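Okay, coords.cif now, which holds mmCIF, C-alpha atoms:
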data_start
#
loop_
_atom_site.label_atom_id
_atom_site.label_comp_id
_atom_site.auth_asym_id
_atom_site.auth_seq_id
_atom_site.Cartn_x
_atom_site.Cartn_y
_atom_site.Cartn_z
CA MET L 1 36.14 76.31 -9.74
CA LYS L 2 35.41 73.59 -7.19
CA VAL L 3 35.68 74.12 -3.44
CA LYS L 4 34.49 72.16 -0.44
CA LEU L 5 31.53 73.43 1.52
CA SER L 6 33.79 73.64 4.58
CA THR L 7 35.95 76.21 2.75
CA ILE L 8 32.88 78.30 1.95
CA LEU L 9 31.64 78.12 5.53
CA ASP L 10 35.04 79.17 6.86
CA ALA L 11 35.10 82.20 4.54
CA GLN L 12 31.57 83.51 5.18
CA THR L 13 32.56 86.32 7.56
CA ALA L 14 35.59 87.32 5.51
CA LEU L 15 33.54 87.49 2.31
CA GLY L 16 30.98 89.70 4.03
CA GLU L 17 33.68 92.08 5.19
CA PHE L 18 35.39 92.02 1.80
CA ALA L 19 32.11 92.96 0.11
CA GLN L 20 32.07 96.17 2.17
CA LYS L 21 35.39 97.38 0.73
CA ASP L 22 35.56 100.10 -1.90
CA LEU L 23 36.45 98.22 -5.07
CA LYS L 24 36.60 99.08 -8.74
CA ILE L 25 33.23 98.47 -10.37
CA ALA L 26 34.34 95.37 -12.32
CA THR L 27 35.85 93.79 -9.21
CA ALA L 28 32.80 94.72 -7.13
CA TYR L 29 30.59 93.00 -9.72
CA LYS L 30 32.68 89.83 -9.58
CA VAL L 31 32.61 89.85 -5.77
CA ALA L 32 28.82 90.29 -5.78
CA LYS L 33 28.49 87.40 -8.25
CA LEU L 34 30.71 85.21 -6.07
CA ILE L 35 28.75 86.06 -2.92
CA LYS L 36 25.46 85.32 -4.69
CA ALA L 37 26.75 81.87 -5.73
CA ILE L 38 28.13 81.17 -2.28
CA SER L 39 24.90 82.29 -0.60
CA ALA L 40 22.96 79.78 -2.70
CA GLU L 41 25.36 77.00 -1.66
CA ILE L 42 25.07 77.98 2.01
CA GLU L 43 21.28 77.92 1.77
CA LEU L 44 21.38 74.39 0.30
CA PHE L 45 23.91 73.35 2.94
CA ASN L 46 21.63 74.61 5.73
CA GLU L 47 18.65 72.73 4.29
CA GLN L 48 20.66 69.50 4.26
CA ARG L 49 22.08 70.17 7.72
CA ILE L 50 18.56 70.54 9.12
CA LYS L 51 17.48 67.32 7.38
CA LEU L 52 20.47 65.58 8.94
CA LEU L 53 19.58 66.95 12.37
CA GLN L 54 16.00 65.75 11.96
CA SER L 55 17.14 62.32 10.75
CA VAL L 56 19.01 61.72 14.01
CA GLY L 57 16.01 62.74 16.09
CA SER L 58 17.29 66.09 17.32
CA THR L 59 14.89 68.62 18.82
CA LEU L 60 14.96 72.39 19.09
CA SER L 61 15.85 73.92 22.43
CA GLU L 62 13.16 75.82 24.31
CA ASP L 63 14.41 79.15 22.95
CA GLY L 64 14.44 77.70 19.41
CA LYS L 65 18.05 78.74 18.81
CA GLN L 66 19.83 75.39 18.74
CA TYR L 67 19.26 71.74 18.07
CA ILE L 68 19.73 69.16 20.80
CA ILE L 69 21.13 65.90 19.45
CA PRO L 70 20.45 62.74 21.46
CA GLU L 71 23.63 61.36 23.03
CA ASN L 72 23.30 58.04 21.22
CA LYS L 73 23.06 59.81 17.85
CA LYS L 74 25.96 62.27 18.14
CA ALA L 75 28.43 60.01 16.34
CA GLU L 76 25.94 59.41 13.52
CA PHE L 77 25.38 63.16 13.20
CA ALA L 78 29.11 63.88 13.24
CA GLU L 79 29.70 61.34 10.47
CA GLY L 80 26.93 62.81 8.33
CA PHE L 81 28.08 66.37 8.97
CA THR L 82 31.67 65.52 8.04
CA GLU L 83 30.41 64.00 4.81
CA LEU L 84 28.27 67.07 4.10
CA VAL L 85 31.01 69.68 4.58
CA ALA L 86 33.34 67.63 2.36
CA VAL L 87 31.01 68.01 -0.64
CA GLU L 88 32.65 69.92 -3.49
CA VAL L 89 30.59 72.61 -5.22
CA ASP L 90 31.14 74.80 -8.27
CA ILE L 91 31.57 78.52 -7.75
CA PRO L 92 32.87 81.31 -10.00
CA ASP L 93 36.63 81.44 -10.63
CA LYS L 94 39.01 83.30 -8.34
CA ILE L 95 38.79 87.08 -8.47
CA ASN L 96 41.99 88.98 -9.24
CA VAL L 97 42.18 91.93 -6.86
CA SER L 98 45.63 93.12 -7.90
CA GLY L 99 45.61 96.86 -8.35
CA GLU L 100 42.87 97.37 -5.78
CA ASN L 101 43.77 99.78 -3.01
CA ILE L 102 42.31 97.91 -0.06
CA SER L 103 43.53 97.01 3.37
CA ILE L 104 42.53 93.75 4.96
CA ALA L 105 43.52 91.91 8.11
CA PRO L 106 45.77 88.87 7.63
CA ASP L 107 43.24 86.45 9.12
CA LEU L 108 40.58 87.61 6.66
CA LEU L 109 43.06 87.39 3.82
CA MET L 110 43.79 83.78 4.74
CA ALA L 111 40.07 82.96 4.70
CA LEU L 112 39.68 84.66 1.29
CA GLU L 113 42.69 82.95 -0.29
CA PRO L 114 40.63 80.24 -2.03
CA PHE L 115 38.52 82.93 -3.70
CA ILE L 116 40.89 85.76 -4.65
CA GLU L 117 44.21 86.24 -6.43
CA ILE L 118 46.70 88.93 -5.56
CA GLU L 119 49.82 89.59 -7.58
CA VAL L 120 52.52 91.33 -5.57
#
Rewrite the structure of this file - the entire thing - as structure tokens.
Amino acid sequence: MKVKLSTILDAQTALGEFAQKDLKIATAYKVAKLIKAISAEIELFNEQRIKLLQSVGSTLSEDGKQYIIPENKKAEFAEGFTELVAVEVDIPDKINVSGENISIAPDLLMALEPFIEIEV
């Protein structure tokens, strides 16, 4: 299944919370496999994001927690970042969680929608 990196980034927190749910063993395996694939994509994304930041001459803040992008390079960075998050990547197919007895907040469910199927 193909999804954009932006979709994966938006679902990171929800996938982490979903992984903590008590699931049937087969479903838990599929979720773990999905998270492993997504983690690899996020790692590659972060490598490319850092390269993009370096290419526009950004520097780390004094505390080392954020990059500072020069004013005259912000548009160039934004263009590159938009292009990066639009990249489509292959991940495992949607996971059918019908029959699982789990409760999940609506906002998390919306973030998980590209990755799970629920038959009601």
What residues have an atom no more than 10 Å from (45.2, 87.5, -13.6) in the file's own frame, counting only C-alpha atoms, and can you write them as a PyMOL selection string?
-> chain L and resi 94-98+117-119
For range 68-85 of chain L, what centre and edge lengths in Å (one decimal) does the axis-aligned box get once 3 Å is added on each side of all its listed atoms, as AutoDock Vina command-line options?
--center_x 25.7 --center_y 63.9 --center_z 13.6 --size_x 17.9 --size_y 17.6 --size_z 24.9
Please work out which residues fall within 12 Å of (42.2, 100.1, -6.6), coordinates as given in the file, with all atoms listed in the file counting, and return them as a list of chain:residue names.
->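 Taken together, the residues in range are L:Lys21, L:Asp22, L:Leu23, L:Lys24, L:Ile25, L:Ala26, L:Thr27, L:Ala28, L:Asn96, L:Val97, L:Ser98, L:Gly99, L:Glu100, L:Asn101, L:Ile102, L:Ser103.
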Interatomic distance (Å, one decimal) between CA of Ile91 in chain L and CA of Tyr67 in chain L |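 Answer for the CA of Ile91 in chain L to CA of Tyr67 in chain L separation: 29.4 Å.
Applied to this file, the PyMOL selection byres ((chain L and resi 68) around 12) selects the residues L:Ile50, L:Leu53, L:Gln54, L:Val56, L:Gly57, L:Ser58, L:Thr59, L:Leu60, L:Ser61, L:Glu62, L:Asp63, L:Gly64, L:Lys65, L:Gln66, L:Tyr67, L:Ile69, L:Pro70, L:Glu71, L:Asn72, L:Lys73, L:Lys74, L:Phe77.
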Result set of the PyMOL selection byres ((chain L and resi 107-116) around 9) on the coordinates above, as a list in words =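 Residues picked by the PyMOL selection byres ((chain L and resi 107-116) around 9): Val3, Thr7, Ile8, Asp10, Ala11, Gln12, Thr13, Ala14, Leu15, Glu17, Phe18, Leu34, Pro92, Asp93, Lys94, Ile95, Asn96, Val97, Ile104, Ala105, Pro106, Glu117 and Ile118 of chain L.
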Requested write-out: C-alpha atoms of the selected residues, as a PDB file, in the frame of the given file:
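Written output follows (part_6.pdb):
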ATOM      1  CA  VAL L   3      35.680  74.120  -3.440  1.00  0.00           C
ATOM      2  CA  THR L   7      35.950  76.210   2.750  1.00  0.00           C
ATOM      3  CA  ILE L   8      32.880  78.300   1.950  1.00  0.00           C
ATOM      4  CA  ASP L  10      35.040  79.170   6.860  1.00  0.00           C
ATOM      5  CA  ALA L  11      35.100  82.200   4.540  1.00  0.00           C
ATOM      6  CA  GLN L  12      31.570  83.510   5.180  1.00  0.00           C
ATOM      7  CA  THR L  13      32.560  86.320   7.560  1.00  0.00           C
ATOM      8  CA  ALA L  14      35.590  87.320   5.510  1.00  0.00           C
ATOM      9  CA  LEU L  15      33.540  87.490   2.310  1.00  0.00           C
ATOM     10  CA  GLU L  17      33.680  92.080   5.190  1.00  0.00           C
ATOM     11  CA  PHE L  18      35.390  92.020   1.800  1.00  0.00           C
ATOM     12  CA  LEU L  34      30.710  85.210  -6.070  1.00  0.00           C
ATOM     13  CA  PRO L  92      32.870  81.310 -10.000  1.00  0.00           C
ATOM     14  CA  ASP L  93      36.630  81.440 -10.630  1.00  0.00           C
ATOM     15  CA  LYS L  94      39.010  83.300  -8.340  1.00  0.00           C
ATOM     16  CA  ILE L  95      38.790  87.080  -8.470  1.00  0.00           C
ATOM     17  CA  ASN L  96      41.990  88.980  -9.240  1.00  0.00           C
ATOM     18  CA  VAL L  97      42.180  91.930  -6.860  1.00  0.00           C
ATOM     19  CA  ILE L 104      42.530  93.750   4.960  1.00  0.00           C
ATOM     20  CA  ALA L 105      43.520  91.910   8.110  1.00  0.00           C
ATOM     21  CA  PRO L 106      45.770  88.870   7.630  1.00  0.00           C
ATOM     22  CA  GLU L 117      44.210  86.240  -6.430  1.00  0.00           C
ATOM     23  CA  ILE L 118      46.700  88.930  -5.560  1.00  0.00           C
TER      24      ILE L 118
END
Looking at L:Asn46, L:Ala32, L:Val120, L:Glu83, which one is nearest to Lys4 in chain L, with distances taken over all atoms listed in the file?
->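 Closest to Lys4 in chain L of all the choices is L:Glu83.
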Figure out the distance between CA of Val85 in chain L and CA of Arg49 in chain L, please, to one decimal in Å.
-> 9.5 Å
CA of Ser55 in chain L to CA of Ile38 in chain L, straight-line distance in Å | 25.4 Å
With only C-alpha atoms as the atoms that count, which of L:Ala78, L:Met1, L:Ala19, L:Ala37 lies nearest to Leu52 in chain L?
->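 Going through L:Ala78, L:Met1, L:Ala19, L:Ala37 one by one, the smallest distance to Leu52 in chain L is for L:Ala78.
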